[in-house]
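Source file: query_16.pdb. Holds: PDB, C-alpha atoms and all ligand atoms.
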```
ATOM      1  CA  MET A   1       4.192 -20.477  -0.127  1.00  0.00           C
ATOM      2  CA  SER A   2       4.096 -19.276  -3.687  1.00  0.00           C
ATOM      3  CA  LEU A   3       2.553 -16.511  -5.742  1.00  0.00           C
ATOM      4  CA  SER A   4      -0.070 -18.823  -7.218  1.00  0.00           C
ATOM      5  CA  GLU A   5      -1.043 -20.172  -3.805  1.00  0.00           C
ATOM      6  CA  ILE A   6      -1.596 -16.643  -2.514  1.00  0.00           C
ATOM      7  CA  GLN A   7      -3.620 -15.770  -5.625  1.00  0.00           C
ATOM      8  CA  GLN A   8      -5.764 -18.849  -5.068  1.00  0.00           C
ATOM      9  CA  ARG A   9      -6.316 -18.007  -1.411  1.00  0.00           C
ATOM     10  CA  ILE A  10      -7.386 -14.492  -2.404  1.00  0.00           C
ATOM     11  CA  LEU A  11      -9.904 -15.855  -4.915  1.00  0.00           C
ATOM     12  CA  ALA A  12     -11.191 -18.400  -2.402  1.00  0.00           C
ATOM     13  CA  GLU A  13     -11.750 -15.712   0.210  1.00  0.00           C
ATOM     14  CA  GLU A  14     -13.467 -13.383  -2.272  1.00  0.00           C
ATOM     15  CA  LYS A  15     -15.777 -16.249  -3.155  1.00  0.00           C
ATOM     16  CA  ARG A  16     -16.386 -17.216   0.471  1.00  0.00           C
ATOM     17  CA  VAL A  17     -17.485 -13.713   1.452  1.00  0.00           C
ATOM     18  CA  GLY A  18     -19.459 -13.097  -1.745  1.00  0.00           C
ATOM     19  CA  ARG A  19     -17.145 -10.558  -3.329  1.00  0.00           C
ATOM     20  CA  LYS A  20     -16.460 -10.284  -7.040  1.00  0.00           C
ATOM     21  CA  PRO A  21     -13.469 -12.438  -8.081  1.00  0.00           C
ATOM     22  CA  GLY A  22     -10.521 -10.164  -8.837  1.00  0.00           C
ATOM     23  CA  SER A  23     -11.838  -7.244  -6.780  1.00  0.00           C
ATOM     24  CA  THR A  24      -8.810  -7.472  -4.482  1.00  0.00           C
ATOM     25  CA  ARG A  25      -5.473  -6.551  -6.007  1.00  0.00           C
ATOM     26  CA  LEU A  26      -2.328  -8.243  -4.733  1.00  0.00           C
ATOM     27  CA  ILE A  27       0.662  -6.011  -4.009  1.00  0.00           C
ATOM     28  CA  ALA A  28       3.753  -8.216  -3.839  1.00  0.00           C
ATOM     29  CA  VAL A  29       5.915  -6.506  -1.222  1.00  0.00           C
ATOM     30  CA  SER A  30       9.465  -6.928  -2.479  1.00  0.00           C
ATOM     31  CA  LYS A  31      11.375  -4.839   0.081  1.00  0.00           C
ATOM     32  CA  VAL A  32      14.704  -6.331   1.148  1.00  0.00           C
ATOM     33  CA  GLN A  33      14.206  -9.364  -1.119  1.00  0.00           C
ATOM     34  CA  PRO A  34      17.070 -10.424  -3.387  1.00  0.00           C
ATOM     35  CA  ASN A  35      16.577  -9.428  -7.037  1.00  0.00           C
ATOM     36  CA  ALA A  36      16.469 -13.066  -8.109  1.00  0.00           C
ATOM     37  CA  ARG A  37      13.337 -13.673  -6.023  1.00  0.00           C
ATOM     38  CA  VAL A  38      11.675 -10.542  -7.369  1.00  0.00           C
ATOM     39  CA  GLU A  39      12.549 -11.515 -10.914  1.00  0.00           C
ATOM     40  CA  ASP A  40      11.065 -14.944 -10.359  1.00  0.00           C
ATOM     41  CA  VAL A  41       7.724 -13.339  -9.516  1.00  0.00           C
ATOM     42  CA  LEU A  42       7.991 -10.974 -12.511  1.00  0.00           C
ATOM     43  CA  LYS A  43       8.613 -13.988 -14.751  1.00  0.00           C
ATOM     44  CA  GLN A  44       5.416 -15.554 -13.449  1.00  0.00           C
ATOM     45  CA  GLY A  45       3.631 -12.534 -14.883  1.00  0.00           C
ATOM     46  CA  HIS A  46       2.932 -10.576 -11.717  1.00  0.00           C
ATOM     47  CA  ARG A  47       3.275  -6.801 -12.199  1.00  0.00           C
ATOM     48  CA  LEU A  48       2.103  -5.048  -9.025  1.00  0.00           C
ATOM     49  CA  PHE A  49       4.761  -4.534  -6.358  1.00  0.00           C
ATOM     50  CA  GLY A  50       5.252  -2.584  -3.140  1.00  0.00           C
ATOM     51  CA  GLU A  51       8.361  -1.084  -1.596  1.00  0.00           C
ATOM     52  CA  ASN A  52       8.666   0.760   1.687  1.00  0.00           C
ATOM     53  CA  ARG A  53      11.784   2.840   1.016  1.00  0.00           C
ATOM     54  CA  VAL A  54      12.300   5.356  -1.765  1.00  0.00           C
ATOM     55  CA  GLN A  55      16.048   4.758  -1.913  1.00  0.00           C
ATOM     56  CA  GLU A  56      15.756   1.008  -2.182  1.00  0.00           C
ATOM     57  CA  ALA A  57      13.091   1.278  -4.890  1.00  0.00           C
ATOM     58  CA  ALA A  58      15.274   3.724  -6.848  1.00  0.00           C
ATOM     59  CA  GLY A  59      18.080   1.177  -6.768  1.00  0.00           C
ATOM     60  CA  LYS A  60      16.168  -1.724  -8.245  1.00  0.00           C
ATOM     61  CA  TRP A  61      12.959  -0.769 -10.052  1.00  0.00           C
ATOM     62  CA  PRO A  62      14.121   1.389 -12.985  1.00  0.00           C
ATOM     63  CA  ALA A  63      16.026  -1.657 -14.330  1.00  0.00           C
ATOM     64  CA  PHE A  64      13.061  -4.002 -13.799  1.00  0.00           C
ATOM     65  CA  ARG A  65      10.725  -1.516 -15.479  1.00  0.00           C
ATOM     66  CA  ALA A  66      13.050  -1.335 -18.481  1.00  0.00           C
ATOM     67  CA  GLN A  67      12.925  -5.112 -18.774  1.00  0.00           C
ATOM     68  CA  TYR A  68       9.273  -5.881 -17.976  1.00  0.00           C
ATOM     69  CA  ASP A  69       6.240  -4.085 -19.415  1.00  0.00           C
ATOM     70  CA  GLY A  70       3.380  -2.928 -17.258  1.00  0.00           C
ATOM     71  CA  VAL A  71       5.109  -2.824 -13.884  1.00  0.00           C
ATOM     72  CA  GLU A  72       3.102  -0.938 -11.262  1.00  0.00           C
ATOM     73  CA  LEU A  73       4.957   0.155  -8.134  1.00  0.00           C
ATOM     74  CA  HIS A  74       3.383   1.361  -4.883  1.00  0.00           C
ATOM     75  CA  LEU A  75       5.116   3.105  -1.981  1.00  0.00           C
ATOM     76  CA  ILE A  76       3.849   1.557   1.262  1.00  0.00           C
ATOM     77  CA  GLY A  77       6.387   3.029   3.697  1.00  0.00           C
ATOM     78  CA  PRO A  78       6.770   6.514   5.196  1.00  0.00           C
ATOM     79  CA  LEU A  79       7.642   9.391   2.885  1.00  0.00           C
ATOM     80  CA  GLN A  80       9.819  12.342   3.923  1.00  0.00           C
ATOM     81  CA  THR A  81       8.994  15.568   2.144  1.00  0.00           C
ATOM     82  CA  ASN A  82      12.569  15.888   0.863  1.00  0.00           C
ATOM     83  CA  LYS A  83      12.105  12.575  -1.004  1.00  0.00           C
ATOM     84  CA  ALA A  84       8.673  13.442  -2.394  1.00  0.00           C
ATOM     85  CA  ARG A  85       9.947  14.549  -5.795  1.00  0.00           C
ATOM     86  CA  GLN A  86      11.929  11.357  -6.261  1.00  0.00           C
ATOM     87  CA  ALA A  87       8.967   9.277  -5.065  1.00  0.00           C
ATOM     88  CA  MET A  88       6.662  10.912  -7.594  1.00  0.00           C
ATOM     89  CA  GLY A  89       8.978   9.810 -10.366  1.00  0.00           C
ATOM     90  CA  LEU A  90       9.220   6.231  -9.132  1.00  0.00           C
ATOM     91  CA  PHE A  91       5.811   5.225  -7.842  1.00  0.00           C
ATOM     92  CA  ASP A  92       2.341   4.801  -9.340  1.00  0.00           C
ATOM     93  CA  ALA A  93       0.709   5.112  -5.932  1.00  0.00           C
ATOM     94  CA  ILE A  94       1.662   6.386  -2.480  1.00  0.00           C
ATOM     95  CA  HIS A  95      -0.145   4.737   0.457  1.00  0.00           C
ATOM     96  CA  THR A  96       1.276   6.805   3.273  1.00  0.00           C
ATOM     97  CA  VAL A  97       0.015  10.391   3.098  1.00  0.00           C
ATOM     98  CA  ASP A  98      -0.307  11.272   6.769  1.00  0.00           C
ATOM     99  CA  ARG A  99       0.350  14.980   7.375  1.00  0.00           C
ATOM    100  CA  PRO A 100      -0.551  18.379   5.927  1.00  0.00           C
ATOM    101  CA  LYS A 101       3.025  19.314   5.066  1.00  0.00           C
ATOM    102  CA  LEU A 102       3.422  16.216   2.900  1.00  0.00           C
ATOM    103  CA  GLY A 103       0.067  16.941   1.253  1.00  0.00           C
ATOM    104  CA  ARG A 104       1.132  20.485   0.397  1.00  0.00           C
ATOM    105  CA  THR A 105       4.479  19.299  -0.980  1.00  0.00           C
ATOM    106  CA  LEU A 106       2.805  16.675  -3.172  1.00  0.00           C
ATOM    107  CA  ALA A 107       0.315  19.274  -4.427  1.00  0.00           C
ATOM    108  CA  ARG A 108       3.076  21.694  -5.360  1.00  0.00           C
ATOM    109  CA  LEU A 109       5.040  18.970  -7.167  1.00  0.00           C
ATOM    110  CA  ALA A 110       1.909  17.710  -8.936  1.00  0.00           C
ATOM    111  CA  GLN A 111       1.377  21.209 -10.336  1.00  0.00           C
ATOM    112  CA  GLU A 112       4.964  21.445 -11.449  1.00  0.00           C
ATOM    113  CA  LEU A 113       5.267  17.933 -12.918  1.00  0.00           C
ATOM    114  CA  GLY A 114       1.775  17.718 -14.372  1.00  0.00           C
ATOM    115  CA  HIS A 115       1.080  14.320 -12.850  1.00  0.00           C
ATOM    116  CA  CYS A 116       0.615  12.691  -9.475  1.00  0.00           C
ATOM    117  CA  PRO A 117       0.523   9.086  -8.255  1.00  0.00           C
ATOM    118  CA  GLU A 118      -2.757   7.850  -6.767  1.00  0.00           C
ATOM    119  CA  LEU A 119      -2.792   8.655  -3.082  1.00  0.00           C
ATOM    120  CA  PHE A 120      -3.962   6.896   0.065  1.00  0.00           C
ATOM    121  CA  VAL A 121      -4.225   8.440   3.500  1.00  0.00           C
ATOM    122  CA  GLU A 122      -2.642   6.294   6.199  1.00  0.00           C
ATOM    123  CA  VAL A 123      -4.748   5.966   9.334  1.00  0.00           C
ATOM    124  CA  ASN A 124      -3.201   4.938  12.657  1.00  0.00           C
ATOM    125  CA  THR A 125      -6.231   2.836  13.632  1.00  0.00           C
ATOM    126  CA  GLY A 126      -4.546   1.502  16.751  1.00  0.00           C
ATOM    127  CA  GLU A 127      -3.564   5.010  17.904  1.00  0.00           C
ATOM    128  CA  GLU A 128      -0.034   3.766  18.517  1.00  0.00           C
ATOM    129  CA  PRO A 129       2.341   6.633  19.365  1.00  0.00           C
ATOM    130  CA  GLN A 130       5.307   5.132  17.469  1.00  0.00           C
ATOM    131  CA  LYS A 131       3.307   4.619  14.273  1.00  0.00           C
ATOM    132  CA  ALA A 132       2.690   6.899  11.327  1.00  0.00           C
ATOM    133  CA  GLY A 133      -0.778   7.806  10.155  1.00  0.00           C
ATOM    134  CA  VAL A 134      -3.511  10.213  11.173  1.00  0.00           C
ATOM    135  CA  LEU A 135      -5.601   9.347  14.203  1.00  0.00           C
ATOM    136  CA  PRO A 136      -9.106   8.047  13.420  1.00  0.00           C
ATOM    137  CA  LYS A 137     -10.677  11.146  14.987  1.00  0.00           C
ATOM    138  CA  ASP A 138      -8.638  13.418  12.690  1.00  0.00           C
ATOM    139  CA  ALA A 139      -9.152  11.380   9.521  1.00  0.00           C
ATOM    140  CA  ASP A 140     -12.245  13.158   8.120  1.00  0.00           C
ATOM    141  CA  ALA A 141     -10.683  16.598   8.460  1.00  0.00           C
ATOM    142  CA  PHE A 142      -7.395  15.463   6.952  1.00  0.00           C
ATOM    143  CA  ILE A 143      -9.144  13.783   4.012  1.00  0.00           C
ATOM    144  CA  LYS A 144     -10.972  17.074   3.346  1.00  0.00           C
ATOM    145  CA  GLU A 145      -7.675  18.911   3.485  1.00  0.00           C
ATOM    146  CA  VAL A 146      -6.027  16.568   0.956  1.00  0.00           C
ATOM    147  CA  ARG A 147      -9.023  16.858  -1.357  1.00  0.00           C
ATOM    148  CA  ALA A 148      -8.937  20.633  -1.129  1.00  0.00           C
ATOM    149  CA  LEU A 149      -5.380  20.458  -2.508  1.00  0.00           C
ATOM    150  CA  ASP A 150      -6.850  18.868  -5.638  1.00  0.00           C
ATOM    151  CA  LEU A 151      -4.830  15.682  -5.150  1.00  0.00           C
ATOM    152  CA  PRO A 152      -5.932  12.280  -6.553  1.00  0.00           C
ATOM    153  CA  LEU A 153      -6.963  10.677  -3.266  1.00  0.00           C
ATOM    154  CA  VAL A 154      -8.399   7.189  -3.843  1.00  0.00           C
ATOM    155  CA  GLY A 155      -8.370   5.422  -0.498  1.00  0.00           C
ATOM    156  CA  LEU A 156      -7.083   4.645   2.971  1.00  0.00           C
ATOM    157  CA  MET A 157      -4.350   2.415   4.337  1.00  0.00           C
ATOM    158  CA  CYS A 158      -3.672   0.946   7.789  1.00  0.00           C
ATOM    159  CA  ILE A 159      -1.218  -1.296   9.625  1.00  0.00           C
ATOM    160  CA  PRO A 160      -3.005  -2.711  12.687  1.00  0.00           C
ATOM    161  CA  PRO A 161      -1.193  -3.263  15.997  1.00  0.00           C
ATOM    162  CA  VAL A 162       0.551  -6.640  16.035  1.00  0.00           C
ATOM    163  CA  ASP A 163      -1.147  -7.873  19.172  1.00  0.00           C
ATOM    164  CA  GLU A 164      -4.759  -7.043  18.347  1.00  0.00           C
ATOM    165  CA  GLU A 165      -7.413  -8.672  16.198  1.00  0.00           C
ATOM    166  CA  PRO A 166      -6.871  -6.971  12.832  1.00  0.00           C
ATOM    167  CA  SER A 167     -10.500  -7.366  11.690  1.00  0.00           C
ATOM    168  CA  LEU A 168     -11.622  -4.610  14.071  1.00  0.00           C
ATOM    169  CA  HIS A 169      -9.058  -2.247  12.569  1.00  0.00           C
ATOM    170  CA  PHE A 170      -9.984  -3.222   9.018  1.00  0.00           C
ATOM    171  CA  ALA A 171     -13.651  -2.594   9.797  1.00  0.00           C
ATOM    172  CA  LEU A 172     -12.832   0.826  11.252  1.00  0.00           C
ATOM    173  CA  LEU A 173     -10.804   1.755   8.166  1.00  0.00           C
ATOM    174  CA  ARG A 174     -13.681   0.699   5.929  1.00  0.00           C
ATOM    175  CA  LYS A 175     -16.128   2.798   7.922  1.00  0.00           C
ATOM    176  CA  ILE A 176     -13.952   5.898   7.565  1.00  0.00           C
ATOM    177  CA  ALA A 177     -13.579   5.262   3.813  1.00  0.00           C
ATOM    178  CA  GLU A 178     -17.318   4.751   3.336  1.00  0.00           C
ATOM    179  CA  ARG A 179     -18.366   7.913   5.075  1.00  0.00           C
ATOM    180  CA  ASN A 180     -15.817   9.860   3.008  1.00  0.00           C
ATOM    181  CA  GLY A 181     -16.716   8.258  -0.316  1.00  0.00           C
ATOM    182  CA  LEU A 182     -13.284   6.681  -0.858  1.00  0.00           C
ATOM    183  CA  LYS A 183     -13.227   3.498  -2.953  1.00  0.00           C
ATOM    184  CA  ASP A 184      -9.910   1.861  -2.084  1.00  0.00           C
ATOM    185  CA  LEU A 185      -8.745   0.105   1.063  1.00  0.00           C
ATOM    186  CA  SER A 186      -5.097  -0.952   1.405  1.00  0.00           C
ATOM    187  CA  MET A 187      -5.063  -3.412   4.285  1.00  0.00           C
ATOM    188  CA  GLY A 188      -3.935  -6.929   5.109  1.00  0.00           C
ATOM    189  CA  MET A 189      -0.479  -8.517   5.034  1.00  0.00           C
ATOM    190  CA  SER A 190       0.866 -12.104   4.974  1.00  0.00           C
ATOM    191  CA  SER A 191      -0.710 -13.067   8.273  1.00  0.00           C
ATOM    192  CA  ASP A 192      -4.132 -11.488   7.842  1.00  0.00           C
ATOM    193  CA  PHE A 193      -4.912 -10.749   4.185  1.00  0.00           C
ATOM    194  CA  GLU A 194      -7.928 -13.048   4.163  1.00  0.00           C
ATOM    195  CA  ARG A 195      -9.476 -11.189   7.088  1.00  0.00           C
ATOM    196  CA  ALA A 196      -8.793  -7.927   5.251  1.00  0.00           C
ATOM    197  CA  ILE A 197     -10.587  -9.243   2.151  1.00  0.00           C
ATOM    198  CA  ALA A 198     -13.563 -10.183   4.316  1.00  0.00           C
ATOM    199  CA  GLN A 199     -13.642  -6.545   5.480  1.00  0.00           C
ATOM    200  CA  GLY A 200     -13.463  -5.119   1.954  1.00  0.00           C
ATOM    201  CA  ALA A 201      -9.767  -4.667   1.133  1.00  0.00           C
ATOM    202  CA  THR A 202      -9.199  -3.660  -2.486  1.00  0.00           C
ATOM    203  CA  TYR A 203      -5.415  -3.960  -2.073  1.00  0.00           C
ATOM    204  CA  VAL A 204      -3.598  -6.485   0.116  1.00  0.00           C
ATOM    205  CA  ARG A 205       0.134  -6.058   0.736  1.00  0.00           C
ATOM    206  CA  VAL A 206       1.805  -9.460   0.959  1.00  0.00           C
ATOM    207  CA  GLY A 207       5.554  -9.914   1.309  1.00  0.00           C
ATOM    208  CA  SER A 208       6.986 -12.869   3.171  1.00  0.00           C
ATOM    209  CA  ALA A 209       4.179 -15.271   2.230  1.00  0.00           C
ATOM    210  CA  ILE A 210       5.173 -14.844  -1.431  1.00  0.00           C
ATOM    211  CA  PHE A 211       8.920 -14.290  -1.285  1.00  0.00           C
ATOM    212  CA  GLY A 212       9.907 -16.049   1.920  1.00  0.00           C
ATOM    213  CA  ALA A 213      11.284 -14.453   5.058  1.00  0.00           C
ATOM    214  CA  ARG A 214      13.173 -11.183   4.680  1.00  0.00           C
ATOM    215  CA  ASP A 215      16.851 -11.477   5.520  1.00  0.00           C
ATOM    216  CA  TYR A 216      17.912  -8.137   6.950  1.00  0.00           C
ATOM    217  CA  GLY A 217      21.443  -9.549   7.409  1.00  0.00           C
TER     218      GLY A 217
HETATM  219  C1  LIG B 301       6.628  -5.171   4.856  1.00  0.00           C
HETATM  220  C2  LIG B 301       5.253  -4.653   4.737  1.00  0.00           C
HETATM  221  C3  LIG B 301       4.186  -5.477   4.325  1.00  0.00           C
HETATM  222  C4  LIG B 301       4.333  -6.949   4.026  1.00  0.00           C
HETATM  223  O1  LIG B 301       4.543  -7.681   5.198  1.00  0.00           O
HETATM  224  P1  LIG B 301       4.517  -9.276   5.214  1.00  0.00           P
HETATM  225  O2  LIG B 301       4.190  -9.615   6.615  1.00  0.00           O
HETATM  226  O3  LIG B 301       5.859  -9.724   4.775  1.00  0.00           O
HETATM  227  O4  LIG B 301       3.459  -9.720   4.276  1.00  0.00           O
HETATM  228  C5  LIG B 301       2.935  -4.897   4.206  1.00  0.00           C
HETATM  229  N1  LIG B 301       2.724  -3.592   4.460  1.00  0.00           N
HETATM  230  C6  LIG B 301       3.716  -2.782   4.854  1.00  0.00           C
HETATM  231  C7  LIG B 301       3.418  -1.351   5.118  1.00  0.00           C
HETATM  232  C8  LIG B 301       5.008  -3.273   5.004  1.00  0.00           C
HETATM  233  O5  LIG B 301       5.989  -2.446   5.407  1.00  0.00           O
END
```
Would you encode the structure as structure tokens?
Ligand SMILES: *Cc1c(COP(=O)(O)O)cnc(C)c1O
Amino acid sequence: MSLSEIQQRILAEEKRVGRKPGSTRLIAVSKVQPNARVEDVLKQGHRLFGENRVQEAAGKWPAFRAQYDGVELHLIGPLQTNKARQAMGLFDAIHTVDRPKLGRTLARLAQELGHCPELFVEVNTGEEPQKAGVLPKDADAFIKEVRALDLPLVGLMCIPPVDEEPSLHFALLRKIAERNGLKDLSMGMSSDFERAIAQGATYVRVGSAIFGARDYG
């Protein structure tokens, strides 16, 4: 598939479910992809990208940013507190705030640096033990805690279990966001972004459907 095909499918789904065209933003997930493929998408004019590792992003995005205006980079993978400072210098948004210690570290750095990326709280909607994210039952309290730290919290993010219908998880995430007055929902990947749009996603994170399969070699 190609970038323009994905963009068309997003528009078609927005139209089908009666949402405003352009109300879903496409994060092109470039992790592990060769630079040539990423550059191809940059040359087509796309500017919003996602990476899941701080180190990998640090290795490739400063050069791309120097070359292309208006790049926006989102961290969609787990963040260790000892990489928080570096992440705050690299990313425009962090989708994976999931524990009080990370919240406190980000708050301290935001004070010191005078800026902070937009933040999302990750919710482990499937309550999977191996996955990051706060449990649904703890989400309201954690959201309050992040807000009390005066951090720019804009939304929620989830990665549904692979073997379950994602729509149920997307709907749950939306419910938690609504009752907490959060506007953004980061949900949906290559295999289910249309279902996420139907449930109100404002960001979809699409990798392999744009760039092709990732070769972890
Ligand atoms: C890799 C990744 C994606 C993109 O996955 P695809 O199936 O390639 O679209 C989305 N979200 C997160 C958190 C990821 O790590």
Run through the PyMOL selection byres (((chain A and resi 19) around 12) and not hetatm) on the given coordinates and return the selected residues as a list of chain:residue names.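 With the shown file as input, the PyMOL selection byres (((chain A and resi 19) around 12) and not hetatm) matches A:Ile10, A:Leu11, A:Ala12, A:Glu13, A:Glu14, A:Lys15, A:Arg16, A:Val17, A:Gly18, A:Lys20, A:Pro21, A:Gly22, A:Ser23, A:Thr24, A:Ile197, A:Ala198, A:Gln199, A:Gly200, A:Ala201, A:Thr202.
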For Leu73 in chain A, which residue among A:Phe49, A:Phe170, A:Phe120, A:Tyr203 is the nearest when counting only C-alpha atoms?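 Going through A:Phe49, A:Phe170, A:Phe120, A:Tyr203 one by one, the smallest distance to Leu73 in chain A is for A:Phe49.
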Spatial neighbours of Asn124 in chain A, 6 Å, all atoms listed in the file, chain gap at least 6 places, as a compact mmCIF listing (two decimals) with C-alpha atoms, in the coordinates of the input:
```
# COMPACT_ATOMS: atom_id res chain seq x y z
CA GLY A 133 -0.78 7.81 10.15
CA VAL A 134 -3.51 10.21 11.17
CA LEU A 135 -5.60 9.35 14.20
```
Counting all atoms listed in the file, which residues have an atom no more than 12 Å from (-5.9, 17.7, -3.6) in the file's coordinates? Please list them as a PyMOL selection string. chain A and resi 97+100+102-111+116-121+142-154
Which residues match the PyMOL selection byres (((chain A and resi 61) around 10) and not hetatm) in the file above, as a PyMOL selection string? chain A and resi 35+49+51+56-60+62-67+71-73+90-91
Polymer residues at most 7 Å from range 29-31 of chain A, all atoms listed in the file, same-chain spacing of 4 or more positions, as a short mmCIF file (atom, residue, chain, number, x, y, z; two decimals) with C-alpha atoms, in the coordinates of the input:
```
data_model
loop_
_atom_site.label_atom_id
_atom_site.label_comp_id
_atom_site.auth_asym_id
_atom_site.auth_seq_id
_atom_site.Cartn_x
_atom_site.Cartn_y
_atom_site.Cartn_z
CA VAL A 38 11.68 -10.54 -7.37
CA PHE A 49 4.76 -4.53 -6.36
CA GLY A 50 5.25 -2.58 -3.14
CA GLU A 51 8.36 -1.08 -1.60
CA ASN A 52 8.67 0.76 1.69
CA ARG A 205 0.13 -6.06 0.74
CA VAL A 206 1.80 -9.46 0.96
CA GLY A 207 5.55 -9.91 1.31
#
```
Box in all listed atoms of ligand LIG 301 (chain B), axis-aligned, with 8 Å more on each side; write out centre and edge lengths in Å to one decimal as JSON.
```
{"center_x": 4.7, "center_y": -5.5, "center_z": 5.3, "size_x": 19.9, "size_y": 24.4, "size_z": 18.6}
```
Going by the chain IDs and residue numbers used in this file, which residues fall under the PyMOL selection byres (((not hetatm)) within 12 of (chain B and resi 301))? Write them as a count of residues only. 59
Mind pulling up the distance from CA of Pro34 in chain A to CA of Leu3 in chain A?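 Separation of CA of Leu3 in chain A and CA of Pro34 in chain A: 15.9 Å.
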Here is a test: counting only C-alpha atoms, which residue of A:Ala139, A:Ala93, A:Met88, A:Leu168 is nearest to Gly114 in chain A?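 Nearest to Gly114 in chain A: A:Met88.
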Rank nothing, just name the residue among A:Ala36, A:Leu172, A:Leu48, A:Leu113 nearest to Lys137 in chain A, using only C-alpha atoms.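 Under the stated criterion, the closest residue is A:Leu172.
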Point-to-point distance from CA of Leu156 in chain A to CA of Leu182 in chain A, Å rounded to tenths: 7.6 Å
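Taking CA of Gln8 in chain A and CA of Arg37 in chain A as the two end points, the separation is 19.8 Å.
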Considering only C-alpha atoms, can you say which of A:Asp138, A:Glu165, A:Gln7, A:Val54 comes closest to Ala87 in chain A?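 Ranked by minimum distance to Ala87 in chain A, first place goes to A:Val54.
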Residue completion, range 50-63 of chain A, N, CA and C atoms, as an mmCIF file, in the frame of the given file:
```
data_model
loop_
_atom_site.group_PDB
_atom_site.id
_atom_site.type_symbol
_atom_site.label_atom_id
_atom_site.label_comp_id
_atom_site.auth_asym_id
_atom_site.auth_seq_id
_atom_site.Cartn_x
_atom_site.Cartn_y
_atom_site.Cartn_z
ATOM 1 N N GLY A 50 5.168 -3.625 -4.157
ATOM 2 C CA GLY A 50 5.252 -2.584 -3.140
ATOM 3 C C GLY A 50 6.635 -2.523 -2.544
ATOM 4 N N GLU A 51 7.075 -1.303 -2.271
ATOM 5 C CA GLU A 51 8.361 -1.084 -1.596
ATOM 6 C C GLU A 51 8.113 -0.103 -0.465
ATOM 7 N N ASN A 52 8.907 -0.194 0.607
ATOM 8 C CA ASN A 52 8.666 0.760 1.687
ATOM 9 C C ASN A 52 9.739 1.841 1.827
ATOM 10 N N ARG A 53 10.763 1.786 0.974
ATOM 11 C CA ARG A 53 11.784 2.840 1.016
ATOM 12 C C ARG A 53 12.056 3.380 -0.377
ATOM 13 N N VAL A 54 12.082 4.700 -0.477
ATOM 14 C CA VAL A 54 12.300 5.356 -1.765
ATOM 15 C C VAL A 54 13.663 4.965 -2.334
ATOM 16 N N GLN A 55 14.679 5.014 -1.459
ATOM 17 C CA GLN A 55 16.048 4.758 -1.913
ATOM 18 C C GLN A 55 16.209 3.357 -2.472
ATOM 19 N N GLU A 56 15.655 2.399 -1.747
ATOM 20 C CA GLU A 56 15.756 1.008 -2.182
ATOM 21 C C GLU A 56 15.024 0.800 -3.517
ATOM 22 N N ALA A 57 13.856 1.410 -3.643
ATOM 23 C CA ALA A 57 13.091 1.278 -4.890
ATOM 24 C C ALA A 57 13.858 1.890 -6.053
ATOM 25 N N ALA A 58 14.512 3.040 -5.791
ATOM 26 C CA ALA A 58 15.274 3.724 -6.848
ATOM 27 C C ALA A 58 16.439 2.857 -7.319
ATOM 28 N N GLY A 59 16.949 2.026 -6.425
ATOM 29 C CA GLY A 59 18.080 1.177 -6.768
ATOM 30 C C GLY A 59 17.708 -0.035 -7.595
ATOM 31 N N LYS A 60 16.461 -0.495 -7.507
ATOM 32 C CA LYS A 60 16.168 -1.724 -8.245
ATOM 33 C C LYS A 60 15.086 -1.625 -9.295
ATOM 34 N N TRP A 61 14.110 -0.703 -9.146
ATOM 35 C CA TRP A 61 12.959 -0.769 -10.052
ATOM 36 C C TRP A 61 13.141 -0.152 -11.434
ATOM 37 N N PRO A 62 13.945 0.896 -11.605
ATOM 38 C CA PRO A 62 14.121 1.389 -12.985
ATOM 39 C C PRO A 62 14.610 0.282 -13.930
ATOM 40 N N ALA A 63 15.521 -0.567 -13.482
ATOM 41 C CA ALA A 63 16.026 -1.657 -14.330
ATOM 42 C C ALA A 63 14.930 -2.689 -14.614
#
```
